[in-house]
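Undergrad: Supplied structure: run29.tsv, TSV, N, CA and C atoms.
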```
chain	number	residue	atom	x	y	z
A	4	MET	N	50.87	14.83	21.76
A	4	MET	CA	51.38	15.44	20.55
A	4	MET	C	52.19	14.42	19.74
A	5	ARG	N	53.01	13.64	20.43
A	5	ARG	CA	53.82	12.63	19.75
A	5	ARG	C	52.93	11.59	19.07
A	6	LEU	N	51.83	11.21	19.72
A	6	LEU	CA	50.90	10.25	19.15
A	6	LEU	C	50.25	10.81	17.89
A	7	PHE	N	49.91	12.09	17.92
A	7	PHE	CA	49.31	12.74	16.76
A	7	PHE	C	50.27	12.74	15.56
A	8	ILE	N	51.51	13.07	15.78
A	8	ILE	CA	52.51	13.09	14.71
A	8	ILE	C	52.72	11.69	14.14
A	9	MET	N	52.78	10.71	15.02
A	9	MET	CA	52.94	9.33	14.57
A	9	MET	C	51.74	8.89	13.73
A	10	ALA	N	50.53	9.25	14.17
A	10	ALA	CA	49.32	8.88	13.43
A	10	ALA	C	49.31	9.54	12.06
A	11	CYS	N	49.74	10.80	11.97
A	11	CYS	CA	49.80	11.50	10.69
A	11	CYS	C	50.80	10.84	9.74
A	12	CYS	N	51.93	10.44	10.27
A	12	CYS	CA	52.95	9.76	9.44
A	12	CYS	C	52.42	8.43	8.92
A	13	ILE	N	51.77	7.68	9.77
A	13	ILE	CA	51.22	6.38	9.37
A	13	ILE	C	50.14	6.57	8.32
A	14	LEU	N	49.27	7.55	8.53
A	14	LEU	CA	48.21	7.83	7.57
A	14	LEU	C	48.79	8.24	6.22
A	15	GLY	N	49.76	9.12	6.21
A	15	GLY	CA	50.39	9.56	4.96
A	15	GLY	C	51.05	8.41	4.21
A	16	TYR	N	51.76	7.57	4.94
A	16	TYR	CA	52.42	6.43	4.32
A	16	TYR	C	51.39	5.45	3.77
A	17	SER	N	50.31	5.24	4.51
A	17	SER	CA	49.24	4.34	4.06
A	17	SER	C	48.61	4.84	2.78
A	18	LEU	N	48.33	6.14	2.69
A	18	LEU	CA	47.75	6.69	1.47
A	18	LEU	C	48.70	6.54	0.29
A	19	PHE	N	49.99	6.71	0.52
A	19	PHE	CA	50.98	6.52	-0.54
A	19	PHE	C	50.94	5.07	-1.04
A	20	LEU	N	50.90	4.12	-0.12
A	20	LEU	CA	50.87	2.71	-0.50
A	20	LEU	C	49.59	2.35	-1.24
A	21	ILE	N	48.47	2.90	-0.81
A	21	ILE	CA	47.21	2.64	-1.49
A	21	ILE	C	47.26	3.17	-2.91
A	22	GLY	N	47.80	4.37	-3.09
A	22	GLY	CA	47.91	4.96	-4.42
A	22	GLY	C	48.80	4.17	-5.34
A	23	CYS	N	49.81	3.54	-4.81
A	23	CYS	CA	50.75	2.78	-5.64
A	23	CYS	C	50.36	1.32	-5.79
A	24	SER	N	49.44	0.83	-5.01
A	24	SER	CA	49.15	-0.60	-5.01
A	24	SER	C	48.50	-1.05	-6.31
A	25	THR	N	47.86	-0.17	-7.07
A	25	THR	CA	47.25	-0.56	-8.33
A	25	THR	C	48.26	-0.64	-9.46
A	26	ASN	N	49.46	-0.19	-9.24
A	26	ASN	CA	50.50	-0.18	-10.26
A	26	ASN	C	51.29	-1.48	-10.17
A	27	THR	N	50.78	-2.55	-10.84
A	27	THR	CA	51.40	-3.86	-10.71
A	27	THR	C	52.47	-4.15	-11.76
A	28	ASP	N	52.50	-3.37	-12.85
A	28	ASP	CA	53.45	-3.67	-13.90
A	28	ASP	C	54.76	-2.88	-13.77
A	29	SER	N	54.92	-2.15	-12.70
A	29	SER	CA	56.11	-1.34	-12.52
A	29	SER	C	56.49	-1.31	-11.05
A	30	THR	N	57.75	-1.03	-10.80
A	30	THR	CA	58.19	-0.98	-9.41
A	30	THR	C	58.06	0.42	-8.83
A	31	ALA	N	57.67	1.39	-9.64
A	31	ALA	CA	57.56	2.77	-9.16
A	31	ALA	C	56.14	3.27	-9.33
A	32	CYS	N	55.82	4.31	-8.60
A	32	CYS	CA	54.51	4.94	-8.66
A	32	CYS	C	54.71	6.43	-8.91
A	33	TYR	N	54.00	6.99	-9.89
A	33	TYR	CA	54.16	8.38	-10.23
A	33	TYR	C	52.81	9.08	-10.25
A	34	ALA	N	52.79	10.34	-9.88
A	34	ALA	CA	51.58	11.14	-9.93
A	34	ALA	C	51.30	11.54	-11.37
A	35	ALA	N	50.01	11.60	-11.74
A	35	ALA	CA	49.61	12.10	-13.05
A	35	ALA	C	49.65	13.62	-12.99
A	36	ILE	N	50.43	14.24	-13.89
A	36	ILE	CA	50.65	15.68	-13.84
A	36	ILE	C	50.40	16.29	-15.22
A	37	ILE	N	49.76	17.46	-15.21
A	37	ILE	CA	49.66	18.30	-16.41
A	37	ILE	C	50.30	19.64	-16.05
A	38	ASN	N	51.17	20.13	-16.92
A	38	ASN	CA	51.74	21.47	-16.77
A	38	ASN	C	50.85	22.39	-17.60
A	39	TYR	N	50.16	23.33	-16.93
A	39	TYR	CA	49.28	24.27	-17.61
A	39	TYR	C	49.64	25.68	-17.15
A	40	LYS	N	50.10	26.49	-18.07
A	40	LYS	CA	50.52	27.87	-17.79
A	40	LYS	C	51.49	27.93	-16.61
A	41	ASP	N	52.48	27.06	-16.65
A	41	ASP	CA	53.54	26.99	-15.64
A	41	ASP	C	53.01	26.68	-14.24
A	42	GLN	N	51.87	26.02	-14.15
A	42	GLN	CA	51.31	25.55	-12.89
A	42	GLN	C	51.17	24.04	-12.97
A	43	GLN	N	51.37	23.39	-11.85
A	43	GLN	CA	51.27	21.94	-11.77
A	43	GLN	C	49.84	21.56	-11.40
A	44	TYR	N	49.25	20.64	-12.16
A	44	TYR	CA	47.93	20.10	-11.88
A	44	TYR	C	48.08	18.60	-11.68
A	45	LEU	N	47.61	18.11	-10.54
A	45	LEU	CA	47.72	16.69	-10.21
A	45	LEU	C	46.42	15.96	-10.49
A	46	GLY	N	46.54	14.79	-11.08
A	46	GLY	CA	45.38	13.97	-11.38
A	46	GLY	C	44.66	13.55	-10.12
A	47	ALA	N	43.34	13.65	-10.16
A	47	ALA	CA	42.50	13.25	-9.03
A	47	ALA	C	41.53	12.18	-9.53
A	48	ASN	N	40.35	12.18	-8.98
A	48	ASN	CA	39.37	11.15	-9.27
A	48	ASN	C	38.62	11.40	-10.58
A	49	SER	N	37.90	10.37	-11.03
A	49	SER	CA	37.00	10.52	-12.16
A	49	SER	C	35.75	11.23	-11.68
A	50	VAL	N	35.19	12.07	-12.54
A	50	VAL	CA	34.02	12.86	-12.14
A	50	VAL	C	32.93	12.75	-13.20
A	51	ASP	N	31.71	13.05	-12.79
A	51	ASP	CA	30.58	13.10	-13.71
A	51	ASP	C	30.59	14.48	-14.37
A	52	ILE	N	30.74	14.52	-15.67
A	52	ILE	CA	30.86	15.77	-16.39
A	52	ILE	C	29.60	16.63	-16.22
A	53	LYS	N	28.47	16.01	-15.93
A	53	LYS	CA	27.20	16.75	-15.78
A	53	LYS	C	27.22	17.72	-14.60
A	54	GLN	N	28.11	17.49	-13.63
A	54	GLN	CA	28.16	18.40	-12.48
A	54	GLN	C	28.85	19.73	-12.81
A	55	TYR	N	29.47	19.81	-13.98
A	55	TYR	CA	30.14	21.04	-14.40
A	55	TYR	C	29.31	21.68	-15.52
A	56	THR	N	28.70	22.80	-15.20
A	56	THR	CA	27.81	23.44	-16.17
A	56	THR	C	28.55	24.39	-17.10
A	57	ASP	N	29.72	24.83	-16.73
A	57	ASP	CA	30.45	25.80	-17.54
A	57	ASP	C	31.92	25.41	-17.63
A	58	ILE	N	32.25	24.59	-18.63
A	58	ILE	CA	33.65	24.25	-18.85
A	58	ILE	C	34.08	24.86	-20.19
A	59	GLN	N	35.34	25.25	-20.24
A	59	GLN	CA	35.88	25.89	-21.44
A	59	GLN	C	37.05	25.08	-21.97
A	60	PRO	N	37.10	24.82	-23.28
A	60	PRO	CA	38.29	24.17	-23.84
A	60	PRO	C	39.48	25.13	-23.77
A	61	VAL	N	40.63	24.61	-23.33
A	61	VAL	CA	41.81	25.47	-23.20
A	61	VAL	C	43.00	24.97	-24.03
A	62	GLY	N	42.80	23.90	-24.78
A	62	GLY	CA	43.87	23.39	-25.62
A	62	GLY	C	43.89	21.88	-25.60
A	63	GLU	N	44.99	21.33	-26.03
A	63	GLU	CA	45.17	19.87	-25.99
A	63	GLU	C	46.61	19.57	-25.60
A	64	ILE	N	46.79	18.36	-25.09
A	64	ILE	CA	48.12	17.94	-24.67
A	64	ILE	C	49.03	17.91	-25.89
A	65	VAL	N	50.17	18.60	-25.79
A	65	VAL	CA	51.10	18.69	-26.93
A	65	VAL	C	52.15	17.60	-26.92
A	66	GLN	N	52.42	17.04	-25.74
A	66	GLN	CA	53.40	15.96	-25.65
A	66	GLN	C	53.21	15.20	-24.36
A	67	ARG	N	53.34	13.88	-24.45
A	67	ARG	CA	53.34	13.04	-23.27
A	67	ARG	C	54.78	12.61	-23.01
A	68	VAL	N	55.27	12.92	-21.81
A	68	VAL	CA	56.63	12.55	-21.43
A	68	VAL	C	56.58	11.26	-20.63
A	69	ASP	N	57.73	10.66	-20.36
A	69	ASP	CA	57.78	9.43	-19.57
A	69	ASP	C	57.15	9.64	-18.20
A	70	ALA	N	56.60	8.57	-17.65
A	70	ALA	CA	55.89	8.65	-16.36
A	70	ALA	C	56.76	9.21	-15.24
A	71	GLY	N	58.03	8.87	-15.24
A	71	GLY	CA	58.92	9.34	-14.19
A	71	GLY	C	59.49	10.73	-14.42
A	72	MET	N	59.13	11.33	-15.54
A	72	MET	CA	59.67	12.65	-15.89
A	72	MET	C	58.64	13.73	-15.56
A	73	TYR	N	59.10	14.88	-15.12
A	73	TYR	CA	58.22	16.00	-14.86
A	73	TYR	C	57.93	16.71	-16.18
A	74	PRO	N	56.67	16.98	-16.52
A	74	PRO	CA	56.38	17.69	-17.77
A	74	PRO	C	56.86	19.14	-17.72
A	75	PRO	N	57.88	19.49	-18.48
A	75	PRO	CA	58.54	20.79	-18.31
A	75	PRO	C	57.84	21.99	-18.94
A	76	GLU	N	56.91	21.78	-19.87
A	76	GLU	CA	56.34	22.93	-20.59
A	76	GLU	C	54.82	22.87	-20.63
A	77	HIS	N	54.24	24.01	-21.01
A	77	HIS	CA	52.80	24.20	-21.09
A	77	HIS	C	52.11	23.09	-21.88
A	78	LEU	N	51.07	22.52	-21.29
A	78	LEU	CA	50.26	21.46	-21.87
A	78	LEU	C	51.03	20.19	-22.20
A	79	MET	N	52.05	19.90	-21.40
A	79	MET	CA	52.70	18.61	-21.44
A	79	MET	C	52.20	17.82	-20.24
A	80	SER	N	52.25	16.49	-20.36
A	80	SER	CA	51.79	15.63	-19.27
A	80	SER	C	52.63	14.36	-19.23
A	81	ASN	N	52.69	13.77	-18.04
A	81	ASN	CA	53.36	12.48	-17.92
A	81	ASN	C	52.34	11.34	-17.86
A	82	ALA	N	51.05	11.66	-18.05
A	82	ALA	CA	50.02	10.62	-17.94
A	82	ALA	C	48.94	10.70	-19.01
A	83	VAL	N	48.87	11.81	-19.72
A	83	VAL	CA	47.80	12.02	-20.69
A	83	VAL	C	48.40	12.04	-22.10
A	84	ASP	N	47.75	11.34	-23.01
A	84	ASP	CA	48.27	11.22	-24.37
A	84	ASP	C	48.21	12.52	-25.17
A	85	LYS	N	49.16	12.66	-26.08
A	85	LYS	CA	49.21	13.80	-26.99
A	85	LYS	C	47.89	13.88	-27.76
A	86	GLY	N	47.38	15.10	-27.91
A	86	GLY	CA	46.14	15.30	-28.65
A	86	GLY	C	44.88	15.26	-27.80
A	87	THR	N	45.00	14.89	-26.53
A	87	THR	CA	43.82	14.84	-25.65
A	87	THR	C	43.36	16.27	-25.33
A	88	PRO	N	42.08	16.57	-25.59
A	88	PRO	CA	41.56	17.90	-25.27
A	88	PRO	C	41.57	18.15	-23.76
A	89	VAL	N	41.85	19.40	-23.39
A	89	VAL	CA	41.89	19.80	-21.99
A	89	VAL	C	40.84	20.90	-21.79
A	90	PHE	N	40.05	20.75	-20.73
A	90	PHE	CA	39.00	21.71	-20.40
A	90	PHE	C	39.28	22.31	-19.03
A	91	GLN	N	38.83	23.55	-18.81
A	91	GLN	CA	38.99	24.18	-17.50
A	91	GLN	C	37.61	24.44	-16.91
A	92	THR	N	37.50	24.19	-15.61
A	92	THR	CA	36.25	24.42	-14.89
A	92	THR	C	36.21	25.84	-14.35
A	93	VAL	N	35.06	26.26	-13.87
A	93	VAL	CA	34.90	27.59	-13.29
A	93	VAL	C	35.82	27.77	-12.09
A	94	ASP	N	36.04	26.69	-11.33
A	94	ASP	CA	36.91	26.77	-10.15
A	94	ASP	C	38.38	26.51	-10.49
A	95	HIS	N	38.73	26.63	-11.77
A	95	HIS	CA	40.11	26.59	-12.27
A	95	HIS	C	40.79	25.23	-12.13
A	96	HIS	N	40.01	24.16	-12.17
A	96	HIS	CA	40.59	22.82	-12.27
A	96	HIS	C	40.56	22.43	-13.74
A	97	LEU	N	41.30	21.39	-14.09
A	97	LEU	CA	41.31	20.89	-15.47
A	97	LEU	C	40.57	19.57	-15.54
A	98	LEU	N	39.98	19.30	-16.70
A	98	LEU	CA	39.30	18.03	-16.97
A	98	LEU	C	39.83	17.47	-18.27
A	99	ILE	N	40.02	16.16	-18.32
A	99	ILE	CA	40.35	15.48	-19.58
A	99	ILE	C	39.44	14.27	-19.69
A	100	GLN	N	39.10	13.91	-20.94
A	100	GLN	CA	38.27	12.74	-21.14
A	100	GLN	C	39.17	11.52	-21.26
A	101	GLN	N	38.85	10.49	-20.49
A	101	GLN	CA	39.62	9.26	-20.51
A	101	GLN	C	39.11	8.34	-21.62
A	102	LEU	N	39.86	7.28	-21.89
A	102	LEU	CA	39.48	6.35	-22.96
A	102	LEU	C	38.13	5.68	-22.71
A	103	ASN	N	37.75	5.50	-21.45
A	103	ASN	CA	36.49	4.85	-21.13
A	103	ASN	C	35.31	5.83	-21.18
A	104	GLY	N	35.55	7.09	-21.57
A	104	GLY	CA	34.49	8.07	-21.68
A	104	GLY	C	34.27	8.91	-20.43
A	105	GLU	N	34.85	8.49	-19.32
A	105	GLU	CA	34.72	9.28	-18.10
A	105	GLU	C	35.71	10.44	-18.15
A	106	TYR	N	35.51	11.40	-17.25
A	106	TYR	CA	36.39	12.55	-17.18
A	106	TYR	C	37.21	12.49	-15.90
A	107	GLN	N	38.49	12.83	-16.01
A	107	GLN	CA	39.37	12.88	-14.84
A	107	GLN	C	39.63	14.34	-14.49
A	108	LEU	N	39.55	14.62	-13.20
A	108	LEU	CA	39.79	15.95	-12.68
A	108	LEU	C	41.27	16.10	-12.35
A	109	PHE	N	41.85	17.22	-12.71
A	109	PHE	CA	43.23	17.57	-12.33
A	109	PHE	C	43.14	18.84	-11.50
A	110	ARG	N	43.64	18.78	-10.27
A	110	ARG	CA	43.57	19.91	-9.35
A	110	ARG	C	44.88	20.69	-9.36
A	111	GLN	N	44.74	22.02	-9.34
A	111	GLN	CA	45.91	22.89	-9.32
A	111	GLN	C	46.59	22.82	-7.96
A	112	THR	N	47.91	22.76	-7.97
A	112	THR	CA	48.68	22.78	-6.74
A	112	THR	C	49.30	24.16	-6.59
A	113	GLU	N	49.95	24.37	-5.48
A	113	GLU	CA	50.61	25.66	-5.23
A	113	GLU	C	52.00	25.74	-5.83
A	114	ILE	N	52.44	24.68	-6.48
A	114	ILE	CA	53.79	24.63	-7.04
A	114	ILE	C	53.83	25.30	-8.39
A	115	GLU	N	54.65	26.31	-8.55
A	115	GLU	CA	54.83	26.97	-9.83
A	115	GLU	C	56.02	26.34	-10.54
A	116	VAL	N	55.83	26.06	-11.81
A	116	VAL	CA	56.86	25.40	-12.61
A	116	VAL	C	57.71	26.47	-13.28
A	117	LYS	N	59.01	26.35	-13.16
A	117	LYS	CA	59.94	27.27	-13.83
A	117	LYS	C	60.50	26.58	-15.06
A	118	SER	N	60.16	27.05	-16.25
A	118	SER	CA	60.64	26.42	-17.49
A	118	SER	C	62.04	26.86	-17.80
```
Go ahead and render the structure in this file as C-alpha cells.
TA:
Amino acid sequence: MRLFIMACCILGYSLFLIGCSTNTDSTACYAAIINYKDQQYLGANSVDIKQYTDIQPVGEIVQRVDAGMYPPEHLMSNAVDKGTPVFQTVDHHLLIQQLNGEYQLFRQTEIEVKS
C-alpha cells in the first residue's frame, strides 16, 4: 500500500512538471480556465472539430484576466482572448478555436464557482 501511494505521488508530480515544462518565459505554470455558467472548465488537448457533429455556439469570451488570476465571472478566461467564440459539445464540454485554426477542448470540472 505504501508503495502504491508513493507511486501515485511521483506520477502526479511528474505530470505537473511535464505540464509546466513548456512554459519557458515564466517561473509559474497556470491552468487554462473558462468560467461558464459558474462552472470551471479546464483546458485540455487540441481536437479535430470533425469528430463533433453537433456543437452549439454559446457566446464569446467577454474578458481575459491575468494568467495567475481565477476568472470570476461567466465567460471570462485566464487563457483565451476577449471576443473568442465559445462552442458547447453534446457531452457539455466547451470548444474554442485557437489562432492556428485548431480547436481546444475545455472539460467541465466538479468545482462550482461562487461569484
Undergrad: For A:Lys40, list every protein, DNA or RNA residue within 6.5 Å, evaluated using all atoms listed in the file, and leave out those in the same chain fewer than 6 positions away; present the list as a PyMOL selection string.
TA: chain A and resi 76-78
Undergrad: In Å to one decimal, how far is atom N of A:Ala82 from atom N of A:Ala35?
TA: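 Taking atom N of A:Ala35 and atom N of A:Ala82, their separation equals 6.4 Å.
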Undergrad: If you take every atom of stretch 70-78 of chain A that the file lists and fit an axis-aligned box around them with 3 Å extra on each side, what centre and edge lengths come out in Å to one decimal, as JSON?
TA:
```
{"center_x": 55.0, "center_y": 16.4, "center_z": -18.2, "size_x": 15.4, "size_y": 21.6, "size_z": 14.0}
```
Undergrad: With only N, CA and C atoms as the counted atoms, please give the residues lying no more than 8 Å from A:Gly46, apart from itself and same-chain residues fewer than 3 positions off, as a list in words.
TA: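 Final neighbour list, sorted by chain and number: Ala34, Ala35, Ile36, Ile37, Gln43, Ser49, Gln107, Leu108, Phe109, Arg110 and Gln111 of chain A.
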Undergrad: Need to verify the contact set: A:Val50, 9 Å, only C-alpha atoms, exclusion of same-chain residues closer than 3 positions in sequence. Can you return it as a PyMOL selection string?
TA: chain A and resi 53-54+98+105-108
Undergrad: One decimal, Å: what's the distance from atom N of A:Val93 over to atom N of A:Val68, could you say?
TA: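 Computing the Euclidean distance for atom N of A:Val93 and atom N of A:Val68 yields 25.5 Å.
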Undergrad: So how many Å separate atom CA of A:Ala31 and atom CA of A:Gln101, to one decimal?
TA: 22.2 Å
Undergrad: Apply DSSP to the structure's backbone, then extract all residues of stretch 14-110 of chain A labelled alpha helix (DSSP H) and return them as a VMD selection string.
TA: chain A and resid 14 to 24
Undergrad: Tell me which protein, DNA and RNA residues are within 8 Å of A:Arg67, counting all atoms listed in the file, leaving out same-chain ones fewer than 5 positions away, and put them as a PyMOL selection string.
TA: chain A and resi 74+78-86
Undergrad: Which one of A:Thr56, A:Thr87, A:Asn48, A:Gln66 sits closest to A:Ile99 if you count only C-alpha atoms?
TA: A:Thr87
